[in-house]
Each structure stands twice: as C-alpha cells, then as structure tokens.
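Raw contents of query06.pdb, PDB, C-alpha atoms, pLDDT in the B column:
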```pdb
MODEL        1
ATOM      1  CA  MET A   1     -17.057  24.746 -19.084  1.00 54.00           C
ATOM      2  CA  ASN A   2     -16.221  27.658 -16.838  1.00 57.00           C
ATOM      3  CA  PHE A   3     -14.161  27.350 -13.669  1.00 52.00           C
ATOM      4  CA  LYS A   4     -17.106  27.524 -11.223  1.00 51.00           C
ATOM      5  CA  LYS A   5     -18.976  24.730 -12.996  1.00 50.00           C
ATOM      6  CA  SER A   6     -15.848  22.598 -13.121  1.00 47.00           C
ATOM      7  CA  LEU A   7     -15.234  23.166  -9.419  1.00 43.00           C
ATOM      8  CA  LEU A   8     -18.847  22.305  -8.566  1.00 43.00           C
ATOM      9  CA  LEU A   9     -18.692  19.136 -10.658  1.00 45.00           C
ATOM     10  CA  ALA A  10     -15.424  18.076  -8.994  1.00 44.00           C
ATOM     11  CA  PHE A  11     -16.935  18.701  -5.552  1.00 44.00           C
ATOM     12  CA  LEU A  12     -20.043  16.635  -6.335  1.00 43.00           C
ATOM     13  CA  VAL A  13     -17.943  13.739  -7.648  1.00 41.00           C
ATOM     14  CA  PHE A  14     -15.754  13.907  -4.527  1.00 42.00           C
ATOM     15  CA  LEU A  15     -18.842  13.985  -2.289  1.00 42.00           C
ATOM     16  CA  PHE A  16     -20.406  10.987  -4.041  1.00 43.00           C
ATOM     17  CA  VAL A  17     -17.202   8.949  -3.993  1.00 40.00           C
ATOM     18  CA  GLY A  18     -16.592   9.843  -0.342  1.00 42.00           C
ATOM     19  CA  LYS A  19     -20.070   8.646   0.686  1.00 45.00           C
ATOM     20  CA  ALA A  20     -19.692   5.452  -1.344  1.00 47.00           C
ATOM     21  CA  ASP A  21     -16.331   4.804   0.336  1.00 51.00           C
ATOM     22  CA  ALA A  22     -17.879   5.340   3.786  1.00 54.00           C
ATOM     23  CA  GLN A  23     -20.678   2.880   2.990  1.00 57.00           C
ATOM     24  CA  ASP A  24     -18.216   0.320   1.639  1.00 76.00           C
ATOM     25  CA  GLU A  25     -16.056   0.745   4.728  1.00 88.00           C
ATOM     26  CA  LEU A  26     -19.073   0.219   6.990  1.00 91.00           C
ATOM     27  CA  LEU A  27     -20.007  -3.029   5.218  1.00 91.00           C
ATOM     28  CA  THR A  28     -16.385  -4.192   5.255  1.00 93.00           C
ATOM     29  CA  LYS A  29     -16.175  -3.576   9.012  1.00 95.00           C
ATOM     30  CA  THR A  30     -19.535  -5.308   9.470  1.00 95.00           C
ATOM     31  CA  LYS A  31     -18.375  -8.376   7.537  1.00 95.00           C
ATOM     32  CA  THR A  32     -15.155  -8.462   9.557  1.00 96.00           C
ATOM     33  CA  ALA A  33     -17.124  -8.209  12.809  1.00 97.00           C
ATOM     34  CA  PHE A  34     -19.324 -11.163  11.837  1.00 96.00           C
ATOM     35  CA  LYS A  35     -16.392 -13.231  10.586  1.00 96.00           C
ATOM     36  CA  THR A  36     -14.434 -12.655  13.808  1.00 96.00           C
ATOM     37  CA  SER A  37     -17.476 -12.787  16.136  1.00 97.00           C
ATOM     38  CA  ASN A  38     -16.454  -9.335  17.341  1.00 97.00           C
ATOM     39  CA  ALA A  39     -19.492  -7.642  18.891  1.00 97.00           C
ATOM     40  CA  LYS A  40     -17.479  -4.580  19.893  1.00 97.00           C
ATOM     41  CA  LEU A  41     -16.404  -3.928  16.287  1.00 97.00           C
ATOM     42  CA  LEU A  42     -19.949  -4.511  15.041  1.00 97.00           C
ATOM     43  CA  VAL A  43     -21.444  -2.067  17.549  1.00 97.00           C
ATOM     44  CA  GLU A  44     -19.030   0.668  16.415  1.00 96.00           C
ATOM     45  CA  ASN A  45     -21.183   0.817  13.267  1.00 94.00           C
ATOM     46  CA  PHE A  46     -24.503   1.064  15.167  1.00 97.00           C
ATOM     47  CA  ASN A  47     -26.659   4.107  15.687  1.00 96.00           C
ATOM     48  CA  ASN A  48     -27.112   5.104  19.362  1.00 96.00           C
ATOM     49  CA  VAL A  49     -30.276   2.980  19.440  1.00 97.00           C
ATOM     50  CA  VAL A  50     -30.553  -0.049  17.161  1.00 98.00           C
ATOM     51  CA  GLU A  51     -33.333  -2.533  16.527  1.00 98.00           C
ATOM     52  CA  ILE A  52     -32.229  -6.163  16.650  1.00 98.00           C
ATOM     53  CA  SER A  53     -34.633  -8.991  15.936  1.00 98.00           C
ATOM     54  CA  PHE A  54     -34.282 -12.735  16.074  1.00 97.00           C
ATOM     55  CA  ASP A  55     -36.969 -14.682  14.195  1.00 95.00           C
ATOM     56  CA  GLY A  56     -39.449 -11.829  14.416  1.00 93.00           C
ATOM     57  CA  GLU A  57     -38.910 -10.904  18.076  1.00 96.00           C
ATOM     58  CA  ARG A  58     -37.858  -7.260  17.875  1.00 97.00           C
ATOM     59  CA  SER A  59     -36.221  -5.170  20.581  1.00 98.00           C
ATOM     60  CA  GLN A  60     -34.420  -1.862  20.674  1.00 98.00           C
ATOM     61  CA  TYR A  61     -31.056  -1.568  22.398  1.00 98.00           C
ATOM     62  CA  ASN A  62     -28.524   1.117  23.149  1.00 98.00           C
ATOM     63  CA  LYS A  63     -24.905   0.430  22.166  1.00 96.00           C
ATOM     64  CA  THR A  64     -23.949  -1.162  25.503  1.00 97.00           C
ATOM     65  CA  GLN A  65     -26.976  -3.457  25.473  1.00 98.00           C
ATOM     66  CA  SER A  66     -26.536  -4.350  21.812  1.00 98.00           C
ATOM     67  CA  GLU A  67     -22.919  -5.377  22.425  1.00 98.00           C
ATOM     68  CA  ILE A  68     -24.103  -7.764  25.167  1.00 98.00           C
ATOM     69  CA  VAL A  69     -26.840  -9.152  22.885  1.00 98.00           C
ATOM     70  CA  MET A  70     -24.424  -9.707  20.004  1.00 98.00           C
ATOM     71  CA  ASN A  71     -21.753 -11.262  22.261  1.00 98.00           C
ATOM     72  CA  ASP A  72     -24.412 -13.701  23.470  1.00 97.00           C
ATOM     73  CA  PHE A  73     -25.453 -14.422  19.871  1.00 97.00           C
ATOM     74  CA  PHE A  74     -21.861 -15.124  18.799  1.00 97.00           C
ATOM     75  CA  LYS A  75     -21.295 -17.431  21.808  1.00 97.00           C
ATOM     76  CA  LYS A  76     -24.442 -19.444  21.040  1.00 96.00           C
ATOM     77  CA  HIS A  77     -23.926 -19.516  17.255  1.00 96.00           C
ATOM     78  CA  THR A  78     -20.293 -20.324  16.534  1.00 95.00           C
ATOM     79  CA  TYR A  79     -19.211 -18.726  13.251  1.00 96.00           C
ATOM     80  CA  LYS A  80     -18.653 -20.810  10.126  1.00 97.00           C
ATOM     81  CA  ASP A  81     -19.258 -18.268   7.360  1.00 97.00           C
ATOM     82  CA  PHE A  82     -20.748 -14.845   6.616  1.00 97.00           C
ATOM     83  CA  VAL A  83     -21.474 -13.586   3.108  1.00 96.00           C
ATOM     84  CA  ILE A  84     -23.232 -10.456   1.845  1.00 95.00           C
ATOM     85  CA  LYS A  85     -25.528 -11.782  -0.881  1.00 96.00           C
ATOM     86  CA  HIS A  86     -27.240  -8.581  -1.955  1.00 95.00           C
ATOM     87  CA  GLN A  87     -27.089  -4.857  -1.275  1.00 93.00           C
ATOM     88  CA  GLY A  88     -29.054  -1.876  -2.456  1.00 92.00           C
ATOM     89  CA  ALA A  89     -30.345   1.589  -1.655  1.00 90.00           C
ATOM     90  CA  SER A  90     -33.421   3.780  -1.759  1.00 87.00           C
ATOM     91  CA  LYS A  91     -33.253   6.413  -4.455  1.00 82.00           C
ATOM     92  CA  ASP A  92     -34.312   9.454  -2.453  1.00 79.00           C
ATOM     93  CA  GLU A  93     -33.812   8.843   1.253  1.00 79.00           C
ATOM     94  CA  GLY A  94     -30.195   7.677   1.354  1.00 84.00           C
ATOM     95  CA  ILE A  95     -31.194   4.450   3.107  1.00 92.00           C
ATOM     96  CA  LYS A  96     -28.974   1.455   2.326  1.00 94.00           C
ATOM     97  CA  TYR A  97     -29.472  -2.218   3.019  1.00 95.00           C
ATOM     98  CA  ALA A  98     -27.595  -5.464   2.782  1.00 96.00           C
ATOM     99  CA  ILE A  99     -28.801  -9.041   2.966  1.00 97.00           C
ATOM    100  CA  GLY A 100     -26.337 -11.607   4.158  1.00 97.00           C
ATOM    101  CA  SER A 101     -26.082 -15.192   5.262  1.00 97.00           C
ATOM    102  CA  TYR A 102     -24.559 -16.130   8.632  1.00 98.00           C
ATOM    103  CA  THR A 103     -23.712 -19.833   8.822  1.00 97.00           C
ATOM    104  CA  TYR A 104     -22.994 -21.332  12.231  1.00 97.00           C
ATOM    105  CA  ASN A 105     -22.483 -24.822  13.646  1.00 92.00           C
ATOM    106  CA  GLY A 106     -26.236 -25.477  13.950  1.00 92.00           C
ATOM    107  CA  GLY A 107     -27.610 -23.887  10.804  1.00 96.00           C
ATOM    108  CA  GLU A 108     -27.944 -20.590   9.003  1.00 97.00           C
ATOM    109  CA  TYR A 109     -29.476 -17.153   9.529  1.00 98.00           C
ATOM    110  CA  ARG A 110     -30.533 -14.698   6.857  1.00 98.00           C
ATOM    111  CA  VAL A 111     -29.288 -11.302   8.071  1.00 98.00           C
ATOM    112  CA  TYR A 112     -30.953  -8.090   6.957  1.00 98.00           C
ATOM    113  CA  ILE A 113     -28.919  -4.951   7.690  1.00 97.00           C
ATOM    114  CA  LEU A 114     -30.580  -1.545   7.382  1.00 97.00           C
ATOM    115  CA  ILE A 115     -28.195   1.419   7.160  1.00 96.00           C
ATOM    116  CA  LYS A 116     -29.379   5.013   7.532  1.00 94.00           C
ATOM    117  CA  PRO A 117     -27.651   8.386   7.470  1.00 92.00           C
ATOM    118  CA  PHE A 118     -27.351  10.022  10.906  1.00 91.00           C
ATOM    119  CA  LYS A 119     -25.692  13.405  11.297  1.00 89.00           C
ATOM    120  CA  GLY A 120     -23.595  12.915   8.167  1.00 86.00           C
ATOM    121  CA  PHE A 121     -22.578   9.309   8.909  1.00 90.00           C
ATOM    122  CA  TYR A 122     -24.023   6.017   7.731  1.00 94.00           C
ATOM    123  CA  LEU A 123     -24.839   3.759  10.675  1.00 96.00           C
ATOM    124  CA  ILE A 124     -26.619   0.462  11.167  1.00 97.00           C
ATOM    125  CA  ASP A 125     -30.183   1.105  12.312  1.00 97.00           C
ATOM    126  CA  THR A 126     -31.618  -2.431  12.170  1.00 98.00           C
ATOM    127  CA  LEU A 127     -30.302  -6.007  12.262  1.00 98.00           C
ATOM    128  CA  ASP A 128     -32.847  -8.712  11.511  1.00 98.00           C
ATOM    129  CA  PHE A 129     -31.905 -12.390  11.905  1.00 98.00           C
ATOM    130  CA  SER A 130     -34.212 -15.047  10.416  1.00 97.00           C
ATOM    131  CA  LYS A 131     -33.435 -18.760  10.535  1.00 96.00           C
ATOM    132  CA  GLU A 132     -33.193 -20.321   7.105  1.00 91.00           C
TER     133      GLU A 132
ENDMDL
END
```
Could you show the structure in this file as structure tokens?
Amino acid sequence: MNFKKSLLLAFLVFLFVGKADAQDELLTKTKTAFKTSNAKLLVENFNNVVEISFDGERSQYNKTQSEIVMNDFFKKHTYKDFVIKHQGASKDEGIKYAIGSYTYNGGEYRVYILIKPFKGFYLIDTLDFSKE
C-alpha cells in the first residue's frame, strides 16, 4: 500500500475511534449525572434546545430551563439505580440512542435518550421518561 493510502486509512481509523470515544464519554457522563442526581452535569450534554417528555407529555426547553426541570425531577424521584440496557445507532444519519432504566424510591422509569451530531459534537436531543 502506498504512503497516501496508508495515511488516509490511519486518519479514518483515528476519526472513527475519536467519534466512538466521544459517544462513550457522553454516555458515561450521562450515567454519572443520573447516578448522582446532577442536573447541571446532565445538561452539559444537551443540545441548546432539548425535548424532554414525561409519560408522553412533551416540551422543549433551553439549557437553563432543562436544568430546572431535571433538578425538579431528581428531587421528586430520589435515585436508587440507573442502568443503560441497550444502545444503538442509525446507519446513515449518525443518530445514536440509548435506553435505560431509572429506579427511584417510588418505582421505575424507562429512559430513552436520543443523541444527534451538532456542529461536530454529539449531544442529547431528546429525553423521554415513561413509567414502567
């Protein structure tokens, strides 16, 4: 293989691994935010406007509003456990998702997290909470 092809291949591998690392880091920070009930940390991973829904009631919030909403959620639903049960991706659009389970003192929520690329960064676009 000539030098240019080798360089291109190395660049593509680096690019792929770098994006995978960024996605893994985002999910790690998200899990930490849920496990520590830290709305501020969670919102760091949000797009400028994010859709948050609770049992089908959807609303869009900016980062400041979403931090207030998530602080309220964490106060009302004291953390017991959070686990990512499944994650995947679209083949062509670069959209990622994760499905988790948030257990609190009064029950459990299924949490759907939609992650989209924005200006070269993966950010949370949608959080959907459904009571189990």
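Nearest residue to Asn62 of chain A, choosing from A:Val49, A:Leu123, A:Ile99, A:Val111 and counting only C-alpha atoms: A:Val49.
Considering all atoms listed in the file, the residue among A:Pro117, A:Ile68, A:Leu26, A:Asp55 positioned nearest to Ser90 of chain A is A:Pro117.
Distance annotation: of A:Tyr109, A:Phe118, A:Phe129, A:Tyr104, the residue with the minimal separation from Lys35 of chain A is A:Tyr104; atom set is all atoms listed in the file.
If you look at atom CA of Ser130 of chain A and atom CA of Glu44 of chain A, they are 22.7 Å away from each other.
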Report task. Excluding segment 73-75 of chain A and any residue of its chain fewer than 2 positions from it, enumerate the residues within 9 Å of it, using only C-alpha atoms, and give them as a PyMOL selection string. Result -> chain A and resi 34+37-39+68-71+77-79
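Minimum atom-to-atom distance to Gly106 of chain A, evaluated using all atoms listed in the file, belongs to A:Glu132 out of A:Val83, A:Gly94, A:Thr64, A:Glu132.
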Query raised in the report: Once the PyMOL selection byres ((chain A and resi 127) around 12) has been applied to the shown file, what residues remain in the selection, as a VMD selection string?
Result: chain A and resid 30 42 to 43 45 to 47 49 to 61 66 69 to 70 97 to 100 109 to 115 123 to 126 128 to 130
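Among the candidate residues A:Lys116, A:Tyr122, A:Lys63, A:Ala33, the one lying nearest to Glu93 of chain A is A:Lys116, with distances computed using only C-alpha atoms.
For the set A:Thr103, A:Leu41, A:Lys131, A:Thr36, the residue with the smallest atom-to-atom gap to Phe82 of chain A is A:Thr103, counting only C-alpha atoms.
For the pair atom CA of Gln87 of chain A and atom CA of Glu67 of chain A, the interatomic distance is 24.1 Å.
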Report task. Tell me, in Å to one decimal, how far atom CA of Lys29 of chain A is from atom CA of Ala89 of chain A. Result -> 18.5 Å
As JSON, what would the box around segment 94-98 of chain A look like: edges along x, y and z, 5 Å added on every side, centre and edge lengths in Å to one decimal?
```
{"center_x": -29.4, "center_y": 1.1, "center_z": 2.2, "size_x": 13.6, "size_y": 23.1, "size_z": 11.8}
```
